[in-house]
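Raw start-v8.txt, compact mmCIF, C-alpha atoms:
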# COMPACT_ATOMS: atom_id res chain seq x y z
CA MET U 1 0.00 0.00 0.00
CA SER U 2 2.14 2.86 -1.18
CA THR U 3 1.73 5.78 -3.44
CA GLU U 4 4.28 7.08 -5.85
CA PRO U 5 6.91 9.52 -4.59
CA ALA U 6 6.44 13.23 -4.94
CA GLU U 7 6.47 14.42 -8.50
CA PRO U 8 9.64 15.95 -9.79
CA GLY U 9 9.69 19.70 -9.48
CA THR U 10 8.20 19.75 -6.01
CA GLU U 11 10.23 19.85 -2.87
CA SER U 12 9.35 16.84 -0.74
CA LEU U 13 8.85 17.93 2.86
CA LEU U 14 6.83 15.27 4.62
CA GLU U 15 7.91 11.71 4.34
CA ALA U 16 6.40 8.58 5.82
CA LYS U 17 8.29 5.34 5.61
CA ASP U 18 7.03 1.82 6.26
CA LEU U 19 4.43 2.85 8.82
CA GLU U 20 2.67 0.07 10.65
CA LEU U 21 0.08 0.50 13.36
CA TRP U 22 -1.86 -1.99 15.45
CA ARG U 23 -4.87 -1.27 17.57
CA GLY U 24 -5.41 -4.18 19.93
CA GLU U 25 -5.55 -7.31 17.81
CA ARG U 26 -6.13 -5.50 14.58
CA ARG U 27 -3.57 -4.26 12.12
CA LEU U 28 -4.76 -0.93 10.76
CA PHE U 29 -2.07 -0.51 8.14
CA SER U 30 1.40 -1.72 7.35
CA GLN U 31 4.21 -0.81 5.00
CA LEU U 32 2.61 2.49 4.32
CA SER U 33 4.98 4.90 2.65
CA PHE U 34 4.47 8.17 0.87
CA SER U 35 6.02 11.55 0.55
CA LEU U 36 4.31 14.85 0.16
CA GLY U 37 5.82 17.93 -1.41
CA THR U 38 4.99 21.59 -1.67
CA GLY U 39 1.66 22.38 -3.25
CA GLU U 40 0.39 18.84 -2.82
CA LEU U 41 -2.73 17.52 -1.19
CA LEU U 42 -3.07 13.96 0.00
CA HIS U 43 -6.67 12.86 0.25
CA ILE U 44 -6.95 9.89 2.58
CA THR U 45 -10.13 7.87 2.20
CA GLY U 46 -11.44 4.59 3.52
CA VAL U 47 -14.38 3.02 5.27
CA ASN U 48 -15.24 3.85 8.88
CA GLY U 49 -12.81 2.43 11.39
CA CYS U 50 -10.09 1.67 8.88
CA GLY U 51 -7.61 3.89 10.70
CA LYS U 52 -7.74 7.22 8.89
CA THR U 53 -7.68 9.27 12.06
CA SER U 54 -5.06 6.97 13.58
CA LEU U 55 -2.89 7.54 10.53
CA LEU U 56 -3.27 11.29 10.89
CA ARG U 57 -2.32 11.07 14.56
CA VAL U 58 0.79 9.11 13.63
CA LEU U 59 1.66 11.71 11.00
CA CYS U 60 1.17 14.50 13.56
CA GLY U 61 3.45 12.84 16.06
CA LEU U 62 0.69 12.16 18.58
CA THR U 63 0.77 8.39 18.23
CA LEU U 64 3.88 6.29 17.99
CA PRO U 65 3.67 3.77 15.15
CA GLU U 66 4.77 0.16 15.72
CA THR U 67 7.37 0.48 13.02
CA GLY U 68 8.42 3.08 10.51
CA GLU U 69 9.03 6.75 10.84
CA VAL U 70 7.70 10.11 9.79
CA SER U 71 10.10 12.83 8.83
CA TRP U 72 9.74 16.50 8.07
CA ARG U 73 12.43 18.26 6.08
CA GLY U 74 14.51 15.12 6.42
CA GLN U 75 14.41 15.08 10.21
CA ARG U 76 12.52 12.54 12.26
CA VAL U 77 9.40 14.06 13.70
CA MET U 78 9.65 12.31 17.06
CA ARG U 79 13.11 13.80 17.59
CA ASN U 80 12.25 17.31 16.46
CA ARG U 81 8.74 17.88 17.65
CA ALA U 82 9.08 21.60 18.23
CA ASP U 83 10.39 22.33 14.72
CA TYR U 84 7.74 20.17 13.10
CA HIS U 85 4.85 21.47 15.16
CA ALA U 86 5.85 25.08 14.48
CA GLU U 87 5.07 24.41 10.82
CA MET U 88 2.02 22.21 11.26
CA THR U 89 -1.55 22.77 12.26
CA TYR U 90 -4.08 20.11 13.11
CA VAL U 91 -7.85 20.34 12.86
CA GLY U 92 -9.08 17.29 14.66
CA HIS U 93 -12.60 15.93 14.78
CA ARG U 94 -12.89 17.57 18.17
CA GLU U 95 -12.79 21.34 18.01
CA SER U 96 -10.40 21.78 20.93
CA LEU U 97 -12.15 24.84 22.27
CA LYS U 98 -12.65 25.86 25.86
CA GLY U 99 -16.36 26.35 26.44
CA GLU U 100 -15.83 29.10 29.00
CA LEU U 101 -13.65 31.20 26.72
CA SER U 102 -14.83 33.22 23.76
CA ALA U 103 -13.81 32.29 20.24
CA ARG U 104 -11.35 35.15 20.25
CA GLU U 105 -9.79 34.16 23.59
CA ASN U 106 -9.48 30.56 22.48
CA LEU U 107 -7.65 31.47 19.30
CA SER U 108 -5.55 34.12 20.94
CA PHE U 109 -4.08 31.57 23.34
CA ASP U 110 -3.46 28.87 20.73
CA LEU U 111 -1.88 31.28 18.28
CA GLN U 112 0.29 33.17 20.72
CA LEU U 113 2.00 29.90 21.62
CA ARG U 114 3.05 29.69 17.97
CA HIS U 115 3.98 33.22 17.02
CA ALA U 116 3.45 36.79 18.08
CA SER U 117 -0.03 37.40 16.73
CA SER U 118 -1.92 40.63 17.12
CA PRO U 119 -5.62 40.78 17.97
CA GLU U 120 -6.17 42.06 14.43
CA ASP U 121 -4.80 38.82 12.95
CA ILE U 122 -7.27 36.84 15.01
CA ASP U 123 -10.21 39.09 14.18
CA GLN U 124 -9.28 38.88 10.53
CA ALA U 125 -9.23 35.08 10.63
CA LEU U 126 -12.59 35.01 12.43
CA ASP U 127 -14.01 37.44 9.86
CA ARG U 128 -12.83 35.18 7.07
CA VAL U 129 -14.65 32.15 8.44
CA GLY U 130 -17.78 34.25 8.83
CA LEU U 131 -17.80 34.65 12.59
CA ALA U 132 -17.29 38.40 12.77
CA ARG U 133 -20.37 38.78 14.94
CA ALA U 134 -19.73 35.79 17.18
CA ARG U 135 -16.17 36.67 18.21
CA ASP U 136 -16.97 37.34 21.83
CA VAL U 137 -19.53 34.60 22.32
CA MET U 138 -18.44 31.89 24.75
CA ALA U 139 -17.49 28.81 22.76
CA ARG U 140 -20.11 26.69 24.50
CA GLY U 141 -22.77 29.00 23.08
CA LEU U 142 -21.67 28.39 19.51
CA SER U 143 -23.34 25.88 17.22
CA ALA U 144 -21.44 22.80 16.03
CA GLY U 145 -20.84 24.39 12.66
CA GLN U 146 -19.62 27.62 14.20
CA LYS U 147 -17.20 25.71 16.43
CA ARG U 148 -15.86 23.97 13.37
CA ARG U 149 -15.38 27.37 11.77
CA VAL U 150 -13.42 28.59 14.78
CA SER U 151 -11.07 25.63 14.51
CA LEU U 152 -10.67 26.37 10.80
CA ALA U 153 -9.85 29.97 11.70
CA ARG U 154 -7.11 28.64 13.96
CA ALA U 155 -5.61 26.75 11.02
CA LEU U 156 -5.92 29.82 8.77
CA ALA U 157 -4.16 32.11 11.21
CA SER U 158 -1.50 29.58 12.18
CA ARG U 159 0.77 30.42 9.21
CA ALA U 160 1.59 26.72 9.14
CA ARG U 161 3.03 25.09 6.05
CA LEU U 162 1.33 21.76 6.61
CA TRP U 163 -2.38 21.53 7.31
CA VAL U 164 -3.63 18.28 8.77
CA LEU U 165 -7.40 18.25 8.45
CA ASP U 166 -9.52 15.47 9.89
CA GLU U 167 -12.99 15.65 8.35
CA PRO U 168 -13.02 19.45 8.04
CA TYR U 169 -16.45 19.39 6.35
CA THR U 170 -18.26 17.97 9.37
CA ASN U 171 -21.20 20.10 10.52
CA LEU U 172 -20.61 22.72 7.85
CA ASP U 173 -23.30 24.08 5.55
CA VAL U 174 -22.83 24.17 1.78
CA PRO U 175 -21.18 27.62 1.67
CA GLY U 176 -18.96 26.44 4.53
CA ARG U 177 -17.80 23.44 2.52
CA ASP U 178 -17.09 25.58 -0.50
CA PHE U 179 -15.12 27.88 1.77
CA VAL U 180 -12.99 24.96 3.03
CA ASP U 181 -12.28 23.96 -0.58
CA GLN U 182 -11.38 27.50 -1.42
CA VAL U 183 -8.92 28.01 1.45
CA MET U 184 -7.31 24.63 0.75
CA SER U 185 -6.84 25.63 -2.89
CA GLU U 186 -5.30 28.91 -1.83
CA HIS U 187 -3.03 27.14 0.62
CA LEU U 188 -1.82 24.78 -2.10
CA ALA U 189 -1.25 27.70 -4.45
CA THR U 190 1.10 29.27 -1.89
CA ASN U 191 3.16 26.06 -1.75
CA GLY U 192 1.41 24.71 1.31
CA LEU U 193 0.80 21.05 2.03
CA VAL U 194 -2.52 19.50 2.99
CA LEU U 195 -3.30 16.13 4.50
CA LEU U 196 -7.02 15.64 4.23
CA VAL U 197 -9.22 12.94 5.64
CA ALA U 198 -12.72 13.20 4.23
CA HIS U 199 -15.42 10.78 3.20
CA GLN U 200 -16.87 12.86 0.44
CA SER U 201 -14.98 14.13 -2.54
CA HIS U 202 -13.49 17.55 -2.16
CA GLY U 203 -13.68 20.42 -4.58
CA VAL U 204 -10.10 21.55 -4.40
CA THR U 205 -8.77 22.97 -7.63
CA GLY U 206 -5.16 23.53 -8.52
CA GLY U 207 -2.23 22.00 -6.74
CA ARG U 208 -1.37 18.34 -7.12
CA ILE U 209 -3.98 16.09 -5.65
CA ARG U 210 -3.19 12.55 -4.66
CA GLN U 211 -5.30 9.80 -3.23
CA LEU U 212 -4.54 7.25 -0.58
CA GLU U 213 -7.13 4.64 0.16
CA LEU U 214 -6.82 2.69 3.36
CA ALA U 215 -8.23 -0.81 3.23
CA MET H 1 9.04 31.93 12.00
CA GLU H 2 9.94 33.01 15.52
CA VAL H 3 8.33 30.86 18.19
CA PRO H 4 7.63 32.82 21.42
CA GLY H 5 9.97 32.22 24.33
CA LEU H 6 9.43 29.83 27.20
CA GLY H 7 8.65 32.51 29.77
CA GLN H 8 5.96 33.98 27.60
CA ALA H 9 4.38 30.60 26.91
CA PHE H 10 4.41 29.83 30.63
CA ALA H 11 2.73 33.13 31.45
CA LEU H 12 0.11 32.61 28.73
CA GLN H 13 -0.82 29.19 30.06
CA VAL H 14 -1.03 30.37 33.66
CA GLY H 15 -3.12 33.35 32.57
CA ARG H 16 -5.55 31.26 30.59
CA ASP H 17 -6.02 28.70 33.33
CA MET H 18 -6.60 31.40 35.94
CA ARG H 19 -9.18 33.05 33.73
CA LEU H 20 -10.94 29.73 33.21
CA ALA H 21 -10.87 29.01 36.93
CA PHE H 22 -12.39 32.38 37.78
CA ARG H 23 -15.22 31.69 35.34
CA HIS H 24 -16.38 28.75 37.37
CA LEU H 25 -15.44 29.47 40.92
CA GLY H 26 -17.59 26.72 42.41
CA GLN H 27 -15.32 23.94 41.25
CA LEU H 28 -12.39 25.91 42.53
CA ALA H 29 -13.72 26.26 46.05
CA ASN H 30 -14.19 22.52 46.40
CA PRO H 31 -10.79 21.52 47.86
CA LEU H 32 -10.76 24.57 50.09
CA MET H 33 -14.24 23.79 51.42
CA PHE H 34 -13.12 20.23 52.03
CA PHE H 35 -10.11 21.45 54.01
CA ILE H 36 -12.22 23.75 56.17
CA MET H 37 -14.95 21.16 56.68
CA VAL H 38 -12.66 18.35 57.78
CA THR H 39 -10.81 20.56 60.21
CA THR H 40 -14.00 21.92 61.75
CA LEU H 41 -15.66 18.52 61.98
CA PHE H 42 -12.96 17.13 64.24
CA PRO H 43 -13.69 19.43 67.20
CA LEU H 44 -17.40 18.69 66.73
CA ALA H 45 -17.01 14.94 66.65
CA LEU H 46 -14.36 14.68 69.33
CA ASN H 47 -14.33 16.12 72.78
CA PRO H 48 -13.73 19.86 72.15
CA SER H 49 -11.28 20.29 75.00
CA PRO H 50 -8.31 22.53 74.10
CA GLN H 51 -5.75 19.99 75.32
CA LEU H 52 -7.06 17.24 73.09
CA LEU H 53 -7.42 19.48 70.04
CA GLU H 54 -3.98 20.91 70.50
CA ALA H 55 -2.55 17.39 70.59
CA ILE H 56 -4.22 16.30 67.35
CA ALA H 57 -4.01 19.65 65.53
CA PRO H 58 -0.82 19.00 63.50
CA GLY H 59 -2.09 15.67 62.29
CA VAL H 60 -5.54 16.98 61.41
CA VAL H 61 -4.26 20.02 59.52
CA TRP H 62 -1.76 18.02 57.51
CA VAL H 63 -3.99 15.07 56.70
CA ALA H 64 -6.75 17.46 55.62
CA ALA H 65 -4.30 19.39 53.44
CA LEU H 66 -3.04 16.19 51.83
CA LEU H 67 -6.55 14.92 51.11
CA ALA H 68 -7.67 18.30 49.81
CA SER H 69 -4.88 18.39 47.26
CA LEU H 70 -5.57 14.80 46.35
CA LEU H 71 -9.15 15.80 45.66
CA ALA H 72 -7.96 18.73 43.55
CA SER H 73 -5.49 16.80 41.41
CA GLU H 74 -8.24 14.68 39.88
CA SER H 75 -9.48 17.67 37.87
CA LEU H 76 -6.06 18.94 36.86
CA PHE H 77 -5.93 17.71 33.26
CA ARG H 78 -9.27 15.93 32.88
CA GLN H 79 -11.18 18.71 31.13
CA ASP H 80 -8.37 19.61 28.77
CA VAL H 81 -8.02 16.04 27.62
CA ASP H 82 -11.78 15.65 27.22
CA ASP H 83 -12.32 18.76 25.13
CA GLY H 84 -9.24 18.21 22.97
CA THR H 85 -7.31 21.31 24.03
CA MET H 86 -4.59 19.06 25.45
CA GLU H 87 -4.10 17.67 21.95
CA GLN H 88 -3.53 21.15 20.61
CA LEU H 89 -1.12 21.82 23.45
CA ALA H 90 0.81 18.66 22.62
CA LEU H 91 0.94 19.82 19.00
CA SER H 92 2.10 23.34 19.80
CA PRO H 93 5.73 24.21 19.21
CA GLN H 94 6.20 24.75 22.94
CA PRO H 95 7.65 21.97 25.11
CA LEU H 96 4.83 19.99 26.68
CA ALA H 97 6.76 19.69 29.97
CA LEU H 98 6.78 23.46 30.35
CA MET H 99 3.11 23.83 29.52
CA LEU H 100 2.09 21.15 32.00
CA LEU H 101 4.28 22.74 34.66
CA ALA H 102 2.49 26.02 33.95
CA LYS H 103 -0.88 24.30 34.26
CA THR H 104 0.18 22.80 37.57
CA ALA H 105 1.42 26.19 38.77
CA ALA H 106 -1.93 27.78 37.93
CA HIS H 107 -3.69 24.91 39.62
CA TRP H 108 -1.62 25.43 42.76
CA LEU H 109 -2.39 29.15 42.77
CA MET H 110 -6.10 28.36 42.69
CA THR H 111 -6.22 25.38 45.06
CA GLY H 112 -3.01 25.20 47.10
CA LEU H 113 -2.40 28.84 47.89
CA PRO H 114 -5.88 29.49 49.39
CA LEU H 115 -5.25 26.53 51.67
CA VAL H 116 -2.00 28.09 52.89
CA LEU H 117 -3.73 31.41 53.45
CA ILE H 118 -6.66 29.96 55.36
CA SER H 119 -4.49 27.72 57.54
CA PRO H 120 -3.95 30.27 60.39
CA ILE H 121 -7.70 30.46 60.93
CA VAL H 122 -8.03 26.69 60.88
CA ALA H 123 -5.07 26.42 63.25
CA TYR H 124 -6.70 28.91 65.59
CA GLY H 125 -9.85 26.81 65.64
CA LEU H 126 -7.83 23.77 66.64
CA PHE H 127 -6.02 25.58 69.48
CA LEU H 128 -2.68 25.26 67.75
CA PRO H 129 -0.20 27.35 69.77
CA GLN H 130 0.46 30.67 68.13
CA GLU H 131 4.20 30.14 67.83
CA ALA H 132 3.57 27.12 65.58
CA VAL H 133 1.38 29.04 63.10
CA PRO H 134 4.12 30.75 61.01
CA VAL H 135 6.03 27.47 60.74
CA THR H 136 2.88 25.62 59.68
CA MET H 137 2.12 28.23 57.05
CA GLY H 138 5.66 28.10 55.71
CA ALA H 139 5.67 24.33 55.65
CA LEU H 140 2.28 24.27 53.88
CA ALA H 141 3.56 26.82 51.35
CA LEU H 142 6.37 24.39 50.53
CA ALA H 143 4.33 21.21 50.77
CA THR H 144 1.23 22.11 48.73
CA PRO H 145 3.21 22.74 45.50
CA ILE H 146 4.95 19.37 45.99
CA LEU H 147 1.55 17.73 46.36
CA SER H 148 0.29 19.53 43.24
CA LEU H 149 3.30 18.36 41.25
CA ILE H 150 2.96 14.76 42.43
CA GLY H 151 -0.75 14.97 41.70
CA GLY H 152 0.01 16.35 38.25
CA MET H 153 2.33 13.48 37.42
CA MET H 154 -0.18 10.87 38.46
CA ALA H 155 -3.12 12.71 36.90
CA ALA H 156 -1.25 12.78 33.58
CA LEU H 157 -0.72 9.05 33.88
CA THR H 158 -4.33 8.18 34.69
CA VAL H 159 -6.16 10.77 32.61
CA GLY H 160 -6.49 8.35 29.71
CA LEU H 161 -8.51 5.97 31.88
CA ARG H 162 -12.24 6.52 32.11
CA ARG H 163 -12.39 5.95 35.85
CA GLY H 164 -8.93 6.68 37.12
CA GLY H 165 -10.02 8.25 40.40
CA GLY H 166 -9.33 5.33 42.70
CA LEU H 167 -6.10 4.49 40.99
CA LEU H 168 -5.02 8.10 41.27
CA SER H 169 -5.25 8.08 45.07
CA LEU H 170 -3.37 4.78 45.22
CA LEU H 171 -0.59 6.25 43.12
CA ILE H 172 -0.35 9.59 44.90
CA LEU H 173 -0.58 8.58 48.55
CA PRO H 174 2.61 6.51 48.89
CA ILE H 175 4.71 9.16 47.17
CA ALA H 176 3.12 11.94 49.20
CA MET H 177 3.96 10.28 52.53
CA PRO H 178 7.33 12.04 53.08
CA VAL H 179 5.58 15.38 52.60
CA LEU H 180 3.02 14.50 55.24
CA ILE H 181 5.67 13.23 57.65
CA PHE H 182 8.02 16.20 57.38
CA GLY H 183 5.18 18.71 57.31
CA ALA H 184 3.46 17.39 60.42
CA ARG H 185 6.86 17.07 62.06
CA ALA H 186 7.64 20.73 61.40
CA THR H 187 4.40 21.80 63.08
CA ASP H 188 4.97 19.37 65.93
CA LEU H 189 8.49 20.62 66.61
CA ALA H 190 7.39 24.26 66.52
CA MET H 191 4.60 23.48 69.01
CA THR H 192 7.01 22.07 71.52
CA GLY H 193 9.31 25.05 71.07
CA MET H 194 12.04 23.14 69.29
CA GLU H 195 13.93 24.05 66.14
CA SER H 196 11.83 23.01 63.15
CA VAL H 197 14.14 24.29 60.45
CA GLY H 198 15.40 20.80 59.60
CA ALA H 199 11.96 19.60 58.50
CA ILE H 200 11.44 22.83 56.55
CA TYR H 201 14.72 22.33 54.70
CA LEU H 202 13.75 18.80 53.81
CA LEU H 203 10.44 20.04 52.41
CA ALA H 204 12.29 22.69 50.40
CA ALA H 205 14.62 20.02 49.01
CA LEU H 206 11.63 17.87 48.06
CA LEU H 207 10.04 20.85 46.32
CA LEU H 208 13.17 21.48 44.25
CA LEU H 209 13.35 17.83 43.33
CA ALA H 210 9.69 17.75 42.32
CA MET H 211 9.94 20.99 40.35
CA SER H 212 12.95 19.88 38.37
CA LEU H 213 11.93 16.33 37.55
CA SER H 214 8.15 16.07 37.57
CA PRO H 215 7.50 18.22 34.46
CA PHE H 216 9.34 15.71 32.30
CA ALA H 217 7.52 12.80 33.89
CA MET H 218 4.23 14.66 33.40
CA ALA H 219 4.95 15.26 29.71
CA ALA H 220 6.00 11.67 29.09
CA ALA H 221 2.92 10.36 30.91
CA MET H 222 0.66 12.76 29.04
CA ARG H 223 2.01 11.64 25.66
CA ILE H 224 1.24 8.05 26.62
CA SER H 225 -2.26 9.01 27.73
CA LEU H 226 -2.92 10.89 24.49
CA ASP H 227 -1.61 8.04 22.32
Could you express the structure from this file as structure tokens?
Amino acid sequence: MSTEPAEPGTESLLEAKDLELWRGERRLFSQLSFSLGTGELLHITGVNGCGKTSLLRVLCGLTLPETGEVSWRGQRVMRNRADYHAEMTYVGHRESLKGELSARENLSFDLQLRHASSPEDIDQALDRVGLARARDVMARGLSAGQKRRVSLARALASRARLWVLDEPYTNLDVPGRDFVDQVMSEHLATNGLVLLVAHQSHGVTGGRIRQLELA
Amino acid sequence: MEVPGLGQAFALQVGRDMRLAFRHLGQLANPLMFFIMVTTLFPLALNPSPQLLEAIAPGVVWVAALLASLLASESLFRQDVDDGTMEQLALSPQPLALMLLAKTAAHWLMTGLPLVLISPIVAYGLFLPQEAVPVTMGALALATPILSLIGGMMAALTVGLRRGGGLLSLLILPIAMPVLIFGARATDLAMTGMESVGAIYLLAALLLLAMSLSPFAMAAAMRISLD
């Protein structure tokens, strides 16, 4: 189960080699290798429970695979977490928001750990995802779709090179989905990388799009 | 891209946790209420004669303080792991050990420090001699952060379990014993008019040990729990 190496002409940044992961008695995947270069999107698909999220967590450096390694810019991720995480942002299937903090406070904390970000940056990101009026609402008062938008705003404002998106379309309305496609396209156009787990097909245009189906 | 420095990240985390704590004060007051309740129940249940209370005061104060911080450590990381913010923290470019130390520091400020501050009143209620009060406060100020750090380590280890509460106490209590022994000893020595500085120094040494080593243990345990 491996996809072809990055196409010539792109700089390969993320590399996975011979990944194998077990959950209990079940082998989720083995000998999984790929590399992802600038301006590329890897669309990971597969049936429920086949290990898509587990794969993403391995690629993020949250889960340790049984064998194999993930490297970023030629350096092993597990050895250089700080460097890797400075260039990566993760939108998980949980929104990772504190219910008692407003959308703005939530983002302000997460982003200031990454880089010096002004309140304007955060407001701008929230405006872009269409939450200009809900900035100061406590996160627990937001709808599921709005929460998802806040976590997308976090990715937008993170200035990360690699976006790791786990089902970013969940709970979003049709314009919201189009918006996700649009920002992914823009990110690819500026030489970003996207790892996308999604059941449905995406509408990303431009960039190099590759598929990985987990069985 | 310039990643903010460690001091700034530490301050941010403490600030956020304090703000969160102030937004639901009820949960915060729990360990403190427990501490006050236990120490006031003893005189009610036992014979309230000053001689008896004075004799048991060091033990009661220290056992109540230990149990109160045990109660508090359960909630240290639970919410963050449940709502996924811990994941984001583990994926931030800041060292996880530092961030967890900051969380523990904030937690101590909200649960341990009030206990230290209220202890003179509690001591007064238990007829603890006045000359022992400053020593008890000082010893509690050293001991409660140690208990928070031990609690943090064990909470990070058990937070991945659905019902880790019982296990948590089993893990914390044996390691917290020296703190209880030296702390109660410090109060005891001060009551009898002897030099209690030895016990205080030992507590200070334990605090330094806990502060320097526990953040790394916490981070390693947390990564296992998040796996």
Residues of chain U at most 6 Å from chain H: nearest atom pair and distance in Å, only C-alpha atoms, as CSV:
residue,atom,partner,partner_atom,distance
U:Thr63,CA,H:Asp227,CA,4.7
U:Ala82,CA,H:Pro93,CA,4.4
U:His85,CA,H:Pro93,CA,5.0
U:Ala86,CA,H:Pro93,CA,4.8
U:Ser96,CA,H:Gly84,CA,4.3
U:Leu113,CA,H:Ala9,CA,5.8
U:Arg114,CA,H:Val3,CA,5.4
U:His115,CA,H:Val3,CA,5.1
Inset, instruction - Write out as a count of residues only the residues lying within 10 Å of His43 of chain U, counting all atoms listed in the file and excluding same-chain residues fewer than 3 positions away. - result: 15
Inset, instruction - State, in Å with one decimal place, the distance from atom CA of Ala103 of chain U to atom CA of Ala157 of chain U. - result: 13.2 Å
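Comparing the minimum interatomic distances between Asp17 of chain H and each of U:Arg148, U:Arg177, U:Lys98, U:His187, counting all atoms listed in the file, we find that U:Lys98 sits nearest.
All protein, DNA and RNA residues at most 8 Å from (-1.8, 19.4, 68.5) are Gln51, Leu52, Leu53, Glu54, Ala55, Ile56, Ala57, Pro58, Gly59, Leu126, Phe127, Leu128, Asp188 and Met191 of chain H, using all atoms listed in the file.
If you measure from each of H:Leu76, H:Ile172, H:Ala65, H:Val197 to Met110 of chain H using all atoms listed in the file, the closest one turns out to be H:Leu76.
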Generate all heavy atoms for segment 25-31 of chain U and emit them as a compact mmCIF listing (two decimals), in the frame of the given file.
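File produced: rebuild-v5.txt:
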# COMPACT_ATOMS: atom_id res chain seq x y z
N GLU U 25 -5.89 -6.13 18.61
CA GLU U 25 -5.55 -7.31 17.81
C GLU U 25 -5.60 -7.03 16.31
O GLU U 25 -5.44 -7.94 15.51
CB GLU U 25 -6.53 -8.46 18.14
CG GLU U 25 -6.44 -8.97 19.55
CD GLU U 25 -5.18 -9.77 19.79
OE1 GLU U 25 -5.02 -10.83 19.17
OE2 GLU U 25 -4.33 -9.30 20.58
N ARG U 26 -5.88 -5.79 15.98
CA ARG U 26 -6.13 -5.50 14.58
C ARG U 26 -5.01 -4.67 13.97
O ARG U 26 -4.57 -3.69 14.57
CB ARG U 26 -7.44 -4.72 14.45
CG ARG U 26 -8.35 -5.22 13.36
CD ARG U 26 -9.75 -4.70 13.59
NE ARG U 26 -9.82 -3.26 13.44
CZ ARG U 26 -9.89 -2.66 12.27
NH1 ARG U 26 -9.87 -3.35 11.17
NH2 ARG U 26 -9.97 -1.35 12.20
N ARG U 27 -4.57 -5.06 12.80
CA ARG U 27 -3.57 -4.26 12.12
C ARG U 27 -4.29 -3.24 11.24
O ARG U 27 -5.05 -3.61 10.36
CB ARG U 27 -2.67 -5.14 11.27
CG ARG U 27 -1.48 -4.35 10.75
CD ARG U 27 -0.49 -5.24 10.07
NE ARG U 27 -1.07 -5.78 8.85
CZ ARG U 27 -0.51 -6.75 8.14
NH1 ARG U 27 0.61 -7.28 8.54
NH2 ARG U 27 -1.08 -7.19 7.04
N LEU U 28 -4.07 -1.97 11.52
CA LEU U 28 -4.76 -0.93 10.76
C LEU U 28 -4.10 -0.71 9.41
O LEU U 28 -4.76 -0.62 8.39
CB LEU U 28 -4.79 0.37 11.56
CG LEU U 28 -5.66 0.35 12.81
CD1 LEU U 28 -5.55 1.67 13.54
CD2 LEU U 28 -7.11 0.08 12.45
N PHE U 29 -2.79 -0.61 9.41
CA PHE U 29 -2.07 -0.51 8.14
C PHE U 29 -0.64 -0.96 8.35
O PHE U 29 -0.15 -1.00 9.47
CB PHE U 29 -2.11 0.91 7.57
CG PHE U 29 -1.82 2.00 8.57
CD1 PHE U 29 -0.52 2.31 8.92
CD2 PHE U 29 -2.87 2.72 9.16
CE1 PHE U 29 -0.25 3.32 9.82
CE2 PHE U 29 -2.61 3.72 10.09
CZ PHE U 29 -1.29 4.02 10.42
N SER U 30 -0.01 -1.33 7.26
CA SER U 30 1.40 -1.72 7.35
C SER U 30 2.09 -1.34 6.06
O SER U 30 1.46 -1.22 5.00
CB SER U 30 1.53 -3.20 7.63
OG SER U 30 1.11 -3.92 6.50
N GLN U 31 3.38 -1.17 6.14
CA GLN U 31 4.21 -0.81 5.00
C GLN U 31 3.63 0.35 4.22
O GLN U 31 3.56 0.33 3.01
CB GLN U 31 4.38 -2.02 4.08
CG GLN U 31 5.14 -3.13 4.81
CD GLN U 31 5.67 -4.15 3.85
OE1 GLN U 31 4.99 -4.52 2.89
NE2 GLN U 31 6.87 -4.61 4.09
